[in-house]
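Engineer: Please find start_19.tsv (TSV, C-alpha atoms and all ligand atoms) on the next line:
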chain	number	residue	atom	x	y	z
E	1	MET	CA	215.26	59.34	7.37
E	2	LYS	CA	217.14	56.05	7.28
E	3	ARG	CA	216.47	53.53	4.53
E	4	LEU	CA	215.75	49.90	5.31
E	5	ILE	CA	218.94	48.32	3.94
E	6	PRO	CA	221.39	50.52	5.94
E	7	CYS	CA	219.27	49.78	9.04
E	8	LEU	CA	219.62	46.04	8.47
E	9	GLU	CA	223.37	46.43	7.84
E	10	GLN	CA	223.68	48.39	11.05
E	11	ASP	CA	221.85	45.56	12.85
E	12	LYS	CA	224.56	43.21	11.46
E	13	VAL	CA	222.01	41.15	9.51
E	14	GLU	CA	223.84	38.75	7.17
E	15	ILE	CA	223.96	39.88	3.56
E	16	GLU	CA	222.16	36.82	2.17
E	17	LEU	CA	219.24	37.49	4.50
E	18	ILE	CA	219.17	41.18	3.56
E	19	LEU	CA	218.91	40.19	-0.11
E	20	LEU	CA	216.06	37.81	0.67
E	21	ILE	CA	214.15	40.43	2.69
E	22	LYS	CA	214.67	42.83	-0.22
E	23	THR	CA	213.14	40.32	-2.63
E	24	ILE	CA	210.04	39.86	-0.46
E	25	LEU	CA	209.64	43.62	-0.12
E	26	THR	CA	210.00	44.18	-3.84
E	27	ALA	CA	207.06	41.82	-4.37
E	28	CYS	CA	205.12	43.67	-1.66
E	29	LYS	CA	205.83	46.99	-3.36
E	30	GLU	CA	204.25	45.60	-6.51
E	31	ILE	CA	201.23	44.32	-4.49
E	32	SER	CA	200.96	47.74	-2.83
E	33	PHE	CA	200.87	49.44	-6.23
E	34	ARG	CA	198.11	47.14	-7.51
E	35	VAL	CA	196.10	47.48	-4.28
E	36	GLY	CA	196.40	51.26	-4.58
E	37	GLN	CA	194.98	51.14	-8.11
E	38	GLY	CA	192.00	49.05	-6.89
E	39	ALA	CA	189.38	48.40	-9.55
E	40	LEU	CA	191.60	50.18	-12.09
E	41	SER	CA	194.13	47.34	-11.96
E	42	ASN	CA	191.42	44.65	-12.14
E	43	VAL	CA	192.45	43.05	-8.82
E	44	LEU	CA	189.12	43.13	-6.99
E	45	GLY	CA	186.59	40.29	-6.72
E	46	SER	CA	186.77	36.52	-6.42
E	47	THR	CA	188.10	33.66	-8.52
E	48	LEU	CA	186.13	30.45	-9.00
E	49	ASP	CA	188.68	28.50	-6.94
E	50	GLU	CA	189.09	27.48	-3.30
E	51	ASN	CA	192.36	26.96	-1.42
E	52	ILE	CA	193.14	23.75	0.52
E	53	GLN	CA	191.42	25.25	3.56
E	54	GLY	CA	188.11	25.51	1.70
E	55	GLU	CA	188.18	29.31	1.43
E	56	THR	CA	187.19	31.01	-1.82
E	57	GLN	CA	190.27	32.64	-3.30
E	58	LYS	CA	190.05	36.31	-4.16
E	59	LYS	CA	191.84	37.53	-7.28
E	60	LEU	CA	194.27	39.44	-5.09
E	61	ASP	CA	195.06	36.32	-3.01
E	62	VAL	CA	196.12	34.56	-6.20
E	63	ILE	CA	197.99	37.52	-7.73
E	64	SER	CA	199.91	38.25	-4.50
E	65	ASN	CA	200.81	34.60	-4.07
E	66	GLN	CA	202.10	34.38	-7.63
E	67	LEU	CA	204.17	37.57	-7.34
E	68	LEU	CA	205.83	36.44	-4.12
E	69	LYS	CA	206.37	32.91	-5.32
E	70	ASP	CA	207.89	33.92	-8.67
E	71	MET	CA	210.28	36.42	-7.10
E	72	LEU	CA	211.34	33.99	-4.36
E	73	LEU	CA	211.90	31.19	-6.88
E	74	GLU	CA	214.11	33.52	-8.93
E	75	SER	CA	216.04	34.86	-5.94
E	76	GLY	CA	218.23	31.78	-5.44
E	77	LYS	CA	218.09	32.36	-1.67
E	78	VAL	CA	215.12	30.12	-0.81
E	79	ARG	CA	215.08	26.34	-0.55
E	80	THR	CA	211.41	25.81	0.28
E	81	ILE	CA	208.28	27.96	0.19
E	82	ALA	CA	205.00	27.54	2.09
E	83	SER	CA	201.99	29.75	1.48
E	84	GLU	CA	198.40	29.94	2.64
E	85	GLU	CA	197.41	29.69	-1.01
E	86	GLU	CA	199.57	26.63	-1.84
E	87	ASP	CA	198.29	23.19	-0.85
E	88	TYR	CA	201.83	21.82	-0.39
E	89	VAL	CA	205.31	23.24	0.03
E	90	VAL	CA	207.07	24.38	-3.13
E	91	ALA	CA	210.70	23.34	-3.61
E	92	ALA	CA	212.78	26.30	-4.78
E	93	THR	CA	216.60	26.38	-5.01
E	94	GLU	CA	218.55	23.32	-3.86
E	95	ASN	CA	221.05	24.15	-1.09
E	96	ALA	CA	219.76	27.73	-0.68
E	97	PRO	CA	220.11	28.94	2.91
E	98	TYR	CA	216.53	29.86	3.89
E	99	ILE	CA	212.90	28.75	3.84
E	100	VAL	CA	210.04	31.24	3.66
E	101	ALA	CA	206.36	31.03	4.62
E	102	PHE	CA	203.77	33.71	3.93
E	103	ASP	CA	200.15	34.74	3.97
E	104	PRO	CA	200.25	36.60	0.65
E	105	LEU	CA	197.09	38.57	1.37
E	106	ASP	CA	195.74	38.76	4.88
E	107	GLY	CA	192.27	40.18	5.43
E	108	SER	CA	190.81	39.01	2.11
E	109	SER	CA	187.29	40.06	3.12
E	110	ASN	CA	188.52	43.68	3.24
E	111	ILE	CA	189.79	43.68	-0.36
E	112	ASP	CA	186.56	44.74	-2.02
E	113	ILE	CA	185.69	47.41	0.57
E	114	ASN	CA	188.99	49.32	0.34
E	115	GLY	CA	189.84	48.23	3.89
E	116	GLN	CA	193.15	47.36	5.53
E	117	ILE	CA	194.91	44.29	4.11
E	118	GLY	CA	198.50	43.07	4.20
E	119	THR	CA	201.15	40.43	3.57
E	120	ILE	CA	202.62	38.46	6.50
E	121	PHE	CA	205.93	36.60	6.14
E	122	THR	CA	208.48	34.60	8.08
E	123	ILE	CA	211.99	33.29	7.34
E	124	TYR	CA	213.82	30.31	8.88
E	125	ARG	CA	217.12	28.61	8.10
E	126	ALA	CA	216.77	25.60	5.76
E	127	LYS	CA	217.46	22.18	7.27
E	128	ASN	CA	220.26	20.28	5.54
E	129	ASP	CA	219.00	16.85	6.61
E	130	VAL	CA	215.55	17.38	5.04
E	131	ALA	CA	214.64	17.41	1.32
E	132	ALA	CA	213.72	20.75	-0.27
E	133	ASP	CA	210.30	19.42	-1.25
E	134	SER	CA	209.44	18.18	2.25
E	135	GLU	CA	207.15	20.10	4.57
E	136	LEU	CA	209.39	18.91	7.41
E	137	GLN	CA	211.57	21.89	6.47
E	138	PHE	CA	208.97	23.85	8.46
E	139	ALA	CA	208.98	21.54	11.49
E	140	GLN	CA	210.70	24.30	13.47
E	141	LYS	CA	209.45	26.26	16.45
E	142	GLY	CA	208.58	29.93	15.96
E	143	SER	CA	211.51	30.78	18.23
E	144	GLU	CA	213.76	29.67	15.34
E	145	GLN	CA	212.52	32.42	13.02
E	146	VAL	CA	215.40	34.58	11.74
E	147	CYS	CA	213.07	37.27	10.44
E	148	ALA	CA	209.36	38.04	10.74
E	149	GLY	CA	207.29	40.86	9.37
E	150	TYR	CA	204.26	42.18	7.60
E	151	VAL	CA	203.48	44.83	5.04
E	152	LEU	CA	200.23	46.67	5.68
E	153	TYR	CA	198.48	48.17	2.65
E	154	GLY	CA	196.62	50.97	4.38
E	155	PRO	CA	196.38	54.71	3.74
E	156	SER	CA	200.16	54.38	3.70
E	157	THR	CA	202.06	51.17	3.05
E	158	MET	CA	203.97	50.20	6.18
E	159	LEU	CA	206.44	47.47	7.02
E	160	ALA	CA	206.86	45.99	10.52
E	161	LEU	CA	210.04	43.93	10.74
E	162	THR	CA	212.24	42.14	13.24
E	163	THR	CA	215.39	40.16	12.57
E	164	GLY	CA	215.78	39.17	16.22
E	165	GLY	CA	216.38	42.65	17.60
E	166	PRO	CA	213.67	45.26	18.19
E	167	SER	CA	210.55	45.32	16.05
E	168	ARG	CA	210.75	48.39	13.84
E	169	LEU	CA	208.31	50.22	11.56
E	170	TYR	CA	209.10	51.52	8.09
E	171	THR	CA	206.91	53.49	5.70
E	172	LEU	CA	207.05	52.96	1.94
E	173	ASP	CA	208.01	56.21	0.26
E	174	LYS	CA	206.06	55.80	-2.96
E	175	THR	CA	207.85	58.73	-4.61
E	176	GLN	CA	211.24	56.98	-4.24
E	177	GLY	CA	210.12	53.35	-4.02
E	178	CYS	CA	212.00	52.65	-0.77
E	179	TYR	CA	211.07	51.78	2.81
E	180	LEU	CA	212.13	54.47	5.33
E	181	LEU	CA	212.51	53.91	9.08
E	182	THR	CA	209.68	55.73	10.88
E	183	THR	CA	209.63	54.00	14.31
E	184	GLU	CA	212.99	52.79	15.53
E	185	LYS	CA	211.68	50.54	18.29
E	186	LEU	CA	208.10	49.49	18.83
E	187	THR	CA	207.12	49.11	22.48
E	188	ILE	CA	203.70	47.73	23.39
E	189	ALA	CA	202.47	49.27	26.64
E	190	THR	CA	202.12	46.57	29.32
E	191	ASP	CA	198.59	47.68	30.25
E	192	THR	CA	195.70	48.50	27.96
E	193	GLN	CA	192.02	49.39	27.83
E	194	GLU	CA	191.43	48.16	24.28
E	195	PHE	CA	190.53	44.65	23.13
E	196	SER	CA	190.08	43.08	19.74
E	197	VAL	CA	187.91	40.01	19.18
E	198	ASN	CA	185.12	38.96	16.83
E	199	MET	CA	182.19	39.37	19.26
E	200	SER	CA	179.82	37.56	16.90
E	201	ASN	CA	181.56	34.32	17.97
E	202	PHE	CA	180.49	34.81	21.60
E	203	HIS	CA	178.45	31.59	21.74
E	204	GLN	CA	181.35	29.53	20.44
E	205	TRP	CA	183.81	30.38	23.23
E	206	SER	CA	184.83	28.38	26.28
E	207	ALA	CA	183.26	29.43	29.60
E	208	GLY	CA	186.61	30.84	30.69
E	209	PHE	CA	187.08	33.07	27.66
E	210	SER	CA	183.43	34.23	27.78
E	211	ASP	CA	183.93	35.19	31.44
E	212	TYR	CA	187.03	37.19	30.54
E	213	ILE	CA	185.20	39.19	27.85
E	214	ASN	CA	182.14	39.63	30.09
E	215	ASP	CA	184.36	41.16	32.76
E	216	LEU	CA	185.82	43.59	30.21
E	217	LEU	CA	182.30	44.59	29.15
E	218	LEU	CA	181.29	45.37	32.74
E	219	GLY	CA	183.55	48.41	32.60
E	220	GLU	CA	184.12	50.73	35.54
E	221	SER	CA	181.50	49.11	37.78
E	222	GLY	CA	182.81	45.57	37.18
E	223	VAL	CA	185.68	43.55	38.64
E	224	ARG	CA	188.19	45.17	36.27
E	225	ALA	CA	187.05	48.63	37.36
E	226	LYS	CA	187.91	50.27	34.05
E	227	LYS	CA	186.21	50.97	30.75
E	228	PHE	CA	187.46	48.88	27.81
E	229	ASN	CA	187.12	49.91	24.18
E	230	MET	CA	186.72	47.38	21.35
E	231	ARG	CA	188.09	47.37	17.78
E	232	TRP	CA	187.80	44.63	15.12
E	233	ASN	CA	189.24	45.10	11.69
E	234	GLY	CA	188.66	41.64	10.23
E	235	ALA	CA	192.31	41.55	9.15
E	236	MET	CA	194.85	40.33	11.68
E	237	VAL	CA	197.46	42.50	10.03
E	238	GLY	CA	195.39	45.65	10.65
E	239	ASP	CA	194.39	44.67	14.19
E	240	MET	CA	197.94	43.73	15.14
E	241	HIS	CA	199.31	46.91	13.60
E	242	ARG	CA	197.08	48.84	15.98
E	243	VAL	CA	198.17	46.69	18.94
E	244	LEU	CA	201.86	47.16	18.05
E	245	SER	CA	201.31	50.90	17.59
E	246	ARG	CA	199.22	51.79	20.63
E	247	GLY	CA	198.82	48.63	22.74
E	248	GLY	CA	195.83	46.36	23.19
E	249	ILE	CA	194.95	42.69	23.30
E	250	PHE	CA	194.05	40.69	20.19
E	251	CYS	CA	192.25	37.36	20.64
E	252	TYR	CA	191.06	34.65	18.30
E	253	PRO	CA	190.08	31.87	20.73
E	254	ASN	CA	189.04	28.30	20.00
E	255	ASP	CA	185.52	27.47	18.83
E	256	ILE	CA	184.19	24.85	21.27
E	257	ASN	CA	181.59	23.70	18.74
E	258	LYS	CA	184.26	22.63	16.27
E	259	PRO	CA	186.46	20.07	18.04
E	260	GLU	CA	187.85	18.92	14.68
E	261	GLN	CA	189.13	22.42	13.86
E	262	PRO	CA	188.71	24.74	16.86
E	263	ALA	CA	191.15	27.51	15.86
E	264	LYS	CA	191.02	29.89	12.88
E	265	LEU	CA	194.42	31.52	12.55
E	266	ARG	CA	197.35	29.70	11.03
E	267	LEU	CA	200.46	29.06	13.15
E	268	LEU	CA	203.14	29.20	10.48
E	269	TYR	CA	202.29	32.33	8.52
E	270	GLU	CA	199.98	34.30	10.83
E	271	ALA	CA	200.51	33.53	14.54
E	272	ASN	CA	204.28	32.93	14.55
E	273	PRO	CA	205.44	36.04	12.69
E	274	MET	CA	203.06	38.22	14.71
E	275	ALA	CA	204.22	36.54	17.94
E	276	MET	CA	207.87	37.32	17.16
E	277	LEU	CA	207.02	40.96	16.37
E	278	VAL	CA	204.98	41.20	19.59
E	279	GLU	CA	207.63	39.63	21.85
E	280	ASN	CA	210.33	41.84	20.35
E	281	ALA	CA	208.13	44.84	21.13
E	282	ASN	CA	207.76	44.01	24.82
E	283	GLY	CA	204.46	42.14	24.42
E	284	LYS	CA	203.29	38.58	25.02
E	285	ALA	CA	201.87	36.01	22.56
E	286	TYR	CA	200.12	32.84	23.71
E	287	THR	CA	197.55	30.34	22.54
E	288	GLU	CA	194.99	29.62	25.26
E	289	HIS	CA	197.69	27.70	27.16
E	290	GLU	CA	201.19	27.99	25.77
E	291	ARG	CA	203.71	30.38	24.29
E	292	ILE	CA	203.11	30.46	20.53
E	293	LEU	CA	206.82	30.53	19.70
E	294	ASP	CA	207.35	27.23	21.61
E	295	ILE	CA	205.02	25.16	19.41
E	296	LEU	CA	206.55	22.60	17.07
E	297	PRO	CA	204.26	22.65	14.00
E	298	SER	CA	202.74	19.34	12.97
E	299	HIS	CA	201.81	20.53	9.47
E	300	ILE	CA	202.13	23.73	7.44
E	301	HIS	CA	198.48	24.82	7.62
E	302	GLN	CA	198.10	24.08	11.35
E	303	ARG	CA	195.79	26.48	13.21
E	304	VAL	CA	196.13	27.83	16.74
E	305	ALA	CA	194.14	29.97	19.16
E	306	VAL	CA	195.73	33.38	19.65
E	307	VAL	CA	195.90	35.77	22.61
E	308	MET	CA	198.53	38.47	22.08
E	309	GLY	CA	199.49	42.05	22.86
E	310	SER	CA	199.95	44.02	26.09
E	311	THR	CA	201.68	41.71	28.57
E	312	ASN	CA	199.63	42.37	31.70
E	313	GLU	CA	196.36	42.04	29.81
E	314	VAL	CA	197.43	38.78	28.14
E	315	ASN	CA	198.41	37.45	31.57
E	316	LYS	CA	195.03	38.48	32.94
E	317	CYS	CA	193.20	36.74	30.10
E	318	LEU	CA	195.23	33.55	30.61
E	319	THR	CA	194.12	33.35	34.26
E	320	TYR	CA	190.56	32.79	32.97
E	321	LEU	CA	191.67	29.97	30.66
E	322	LYS	CA	193.25	27.61	33.22
V	1	LIG	P1	192.91	35.54	5.44
V	1	LIG	O1	192.27	36.71	4.78
V	1	LIG	O2	194.38	35.45	5.15
V	1	LIG	O3	192.21	34.24	5.20
V	1	LIG	O4	192.91	35.77	7.03
V	1	LIG	C1	191.76	36.27	7.68
V	1	LIG	C2	191.91	36.03	9.15
V	1	LIG	C3	192.60	37.15	9.91
V	1	LIG	O5	193.25	38.08	9.16
V	1	LIG	C4	191.49	37.83	10.67
V	1	LIG	O6	191.91	38.23	11.93
V	1	LIG	C5	190.42	36.81	10.73
V	1	LIG	O7	190.62	35.92	9.68
V	1	LIG	C6	189.07	37.45	10.59
V	1	LIG	O8	188.14	36.55	10.95
V	1	LIG	P2	186.58	36.86	11.06
V	1	LIG	O9	186.01	36.39	9.78
V	1	LIG	O10	186.12	36.08	12.24
V	1	LIG	O11	186.40	38.35	11.26
V	2	MN	MN	195.41	35.67	6.95
V	3	MN	MN	195.41	35.23	3.28
Could you express the structure from this file as structure tokens?

Structural biologist:
Amino acid sequence: MKRLIPCLEQDKVEIELILLIKTILTACKEISFRVGQGALSNVLGSTLDENIQGETQKKLDVISNQLLKDMLLESGKVRTIASEEEDYVVAATENAPYIVAFDPLDGSSNIDINGQIGTIFTIYRAKNDVAADSELQFAQKGSEQVCAGYVLYGPSTMLALTTGGPSRLYTLDKTQGCYLLTTEKLTIATDTQEFSVNMSNFHQWSAGFSDYINDLLLGESGVRAKKFNMRWNGAMVGDMHRVLSRGGIFCYPNDINKPEQPAKLRLLYEANPMAMLVENANGKAYTEHERILDILPSHIHQRVAVVMGSTNEVNKCLTYLK
């Protein structure tokens, strides 16, 4: 089986970027090891702190953030860092070629139940006309990403990665400590009979989105004339891994009762990297109205509604949201 680095070389990925990806994945290998040890490595449970978004930080959120941040600061390849667990951007190496944003630990509520969790990351080129400590470094559309990926800490540790070409899957060989190519090209089927949404939010959705889900629930006797199955992991990384692996539609729509903050998922380090992986696997990724990768972020912790996965199903959903 092919190792990650030769795959990237074969894809003609520039050497500096390969070294940066390697740094991120070394940190993820360390996170994977600690996750695998669970209570034995003292990583379960909460801290007494909250992040800027008002969410209680789990120990593993903080540990993963620190590991990634320290390794990226040391790498010399990163000018600016943004993280879900950092209130503001962190200036790293002056004149370094890239900027990196990440969700160090996605699916925090799954940590203490031995459920699926992961790390989501994205890389852009640094802007030379913007200071390293300015969040305007990240005022770039998702279509400018030079690399996007996630590492899923599941029964096996898997990496989904795209550097502009196909989205590929690698599996961490824990006996050798390297990522091996296990799916050369992910292709999301255009049609699906599986949806992923937090149904407990039903009364917070727009009429259009509620109608869409209602029609799915009607099954064979309804307008869609087919039975739909539902899955909800509570970790975008786990739900999107399923969608990338066997198709489906994943939705986190706006909450109409919260006009001040209608969306839950973060554009920079959740929606954008997933959208790039999805598009490069033949899928489609939208908010309720626009292509995710076309949005110019207004701030680093901006949130957006998400509808992504199998192209025909995403298109169908969008017809209800006009
Ligand atoms: P995080 O753990 O990084 O804060 O992200 C959790 C996100 C996302 O992974 C998941 O899809 C969603 O929150 C789950 O939301 P619910 O609480 O509605 O299930
Ligand atoms: Mn997350
Ligand atoms: Mn997180």

Engineer: Neighbours of ligand LIG 1 (chain V) at 10 Å or closer, counting all atoms listed in the file: which residues, as a ChimeraX atom specification?

Structural biologist: /E:51,53,55-58,61,84-85,102-111,116-120,196-201,232-240,250-252,264-266,269-271,306

Engineer: Atom CA of Arg224 of chain E and atom CA of Ile188 of chain E, how far apart in Å?

Structural biologist: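 Between atom CA of Ile188 of chain E and atom CA of Arg224 of chain E the gap works out to 20.3 Å.
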
Engineer: Within 12 Å of (201.2, 38.2, -10.2) in the file's own coordinates, which protein, DNA or RNA residues have an atom, counting only C-alpha atoms? List them as a PyMOL selection string.

Structural biologist: chain E and resi 27-28+30-31+33-34+41-43+59-71+104

Engineer: Keeping only C-alpha atoms, write the selected residues as an mmCIF file, in the coordinates of the input.

Structural biologist:
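This went into part_34.cif:
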data_model
loop_
_atom_site.group_PDB
_atom_site.id
_atom_site.type_symbol
_atom_site.label_atom_id
_atom_site.label_comp_id
_atom_site.auth_asym_id
_atom_site.auth_seq_id
_atom_site.Cartn_x
_atom_site.Cartn_y
_atom_site.Cartn_z
ATOM 1 C CA ALA E 27 207.060 41.820 -4.370
ATOM 2 C CA CYS E 28 205.120 43.670 -1.660
ATOM 3 C CA GLU E 30 204.250 45.600 -6.510
ATOM 4 C CA ILE E 31 201.230 44.320 -4.490
ATOM 5 C CA PHE E 33 200.870 49.440 -6.230
ATOM 6 C CA ARG E 34 198.110 47.140 -7.510
ATOM 7 C CA SER E 41 194.130 47.340 -11.960
ATOM 8 C CA ASN E 42 191.420 44.650 -12.140
ATOM 9 C CA VAL E 43 192.450 43.050 -8.820
ATOM 10 C CA LYS E 59 191.840 37.530 -7.280
ATOM 11 C CA LEU E 60 194.270 39.440 -5.090
ATOM 12 C CA ASP E 61 195.060 36.320 -3.010
ATOM 13 C CA VAL E 62 196.120 34.560 -6.200
ATOM 14 C CA ILE E 63 197.990 37.520 -7.730
ATOM 15 C CA SER E 64 199.910 38.250 -4.500
ATOM 16 C CA ASN E 65 200.810 34.600 -4.070
ATOM 17 C CA GLN E 66 202.100 34.380 -7.630
ATOM 18 C CA LEU E 67 204.170 37.570 -7.340
ATOM 19 C CA LEU E 68 205.830 36.440 -4.120
ATOM 20 C CA LYS E 69 206.370 32.910 -5.320
ATOM 21 C CA ASP E 70 207.890 33.920 -8.670
ATOM 22 C CA MET E 71 210.280 36.420 -7.100
ATOM 23 C CA PRO E 104 200.250 36.600 0.650
#

Engineer: Would you be able to write out as an MDAnalysis selection string which residues have an atom within 6 Å of (205.8, 51.5, -2.5) in the file's coordinates, counting only C-alpha atoms?

Structural biologist: chainID E and resid 29 172:174 177

Engineer: Sorted by chain and rising residue number, which residues of segment 55-164 of chain E lie within 12 Å of segment 280-291 of chain E, and what are their closest atom pairs and distances in Å to one decimal, counting only C-alpha atoms, as CSV?

Structural biologist:
residue,atom,partner,partner_atom,distance
E:Lys141,CA,E:Arg291,CA,10.6
E:Gly142,CA,E:Arg291,CA,9.7
E:Ser143,CA,E:Arg291,CA,9.9
E:Cys147,CA,E:Asn280,CA,11.3
E:Ala148,CA,E:Asn280,CA,10.4
E:Gly149,CA,E:Asn280,CA,11.4
E:Ala160,CA,E:Ala281,CA,10.7
E:Leu161,CA,E:Asn280,CA,9.8
E:Thr162,CA,E:Asn280,CA,7.4
E:Thr163,CA,E:Asn280,CA,9.4
E:Gly164,CA,E:Asn280,CA,7.3

Engineer: Determine the nearest neighbour of ligand MN 3 (chain V) from the options E:Glu16, E:Glu50, E:Asp133, E:Asp211, counting all atoms listed in the file.

Structural biologist: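 Answer, going by the shortest atom-to-atom distance: E:Glu50.
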
Engineer: Quick one: pull the distance between atom CA of Leu44 of chain E and atom CA of Ile123 of chain E, Å, one decimal.

Structural biologist: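 Interatomic distance, atom CA of Leu44 of chain E to atom CA of Ile123 of chain E: 28.7 Å.
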
Engineer: Fewer than 6 positions away in the same chain doesn't count, so skip those; otherwise give me all residues within 12 Å of Lys316 of chain E, counting all atoms listed in the file, as a ChimeraX atom specification.

Structural biologist: /E:190-192,208-209,211-213,215-216,224,249,284,286,288,307-310,322

Engineer: To one decimal place, how far is atom CA of Ala126 of chain E from atom CA of Arg168 of chain E in Å?

Structural biologist: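 Those two atoms sit 24.9 Å apart.
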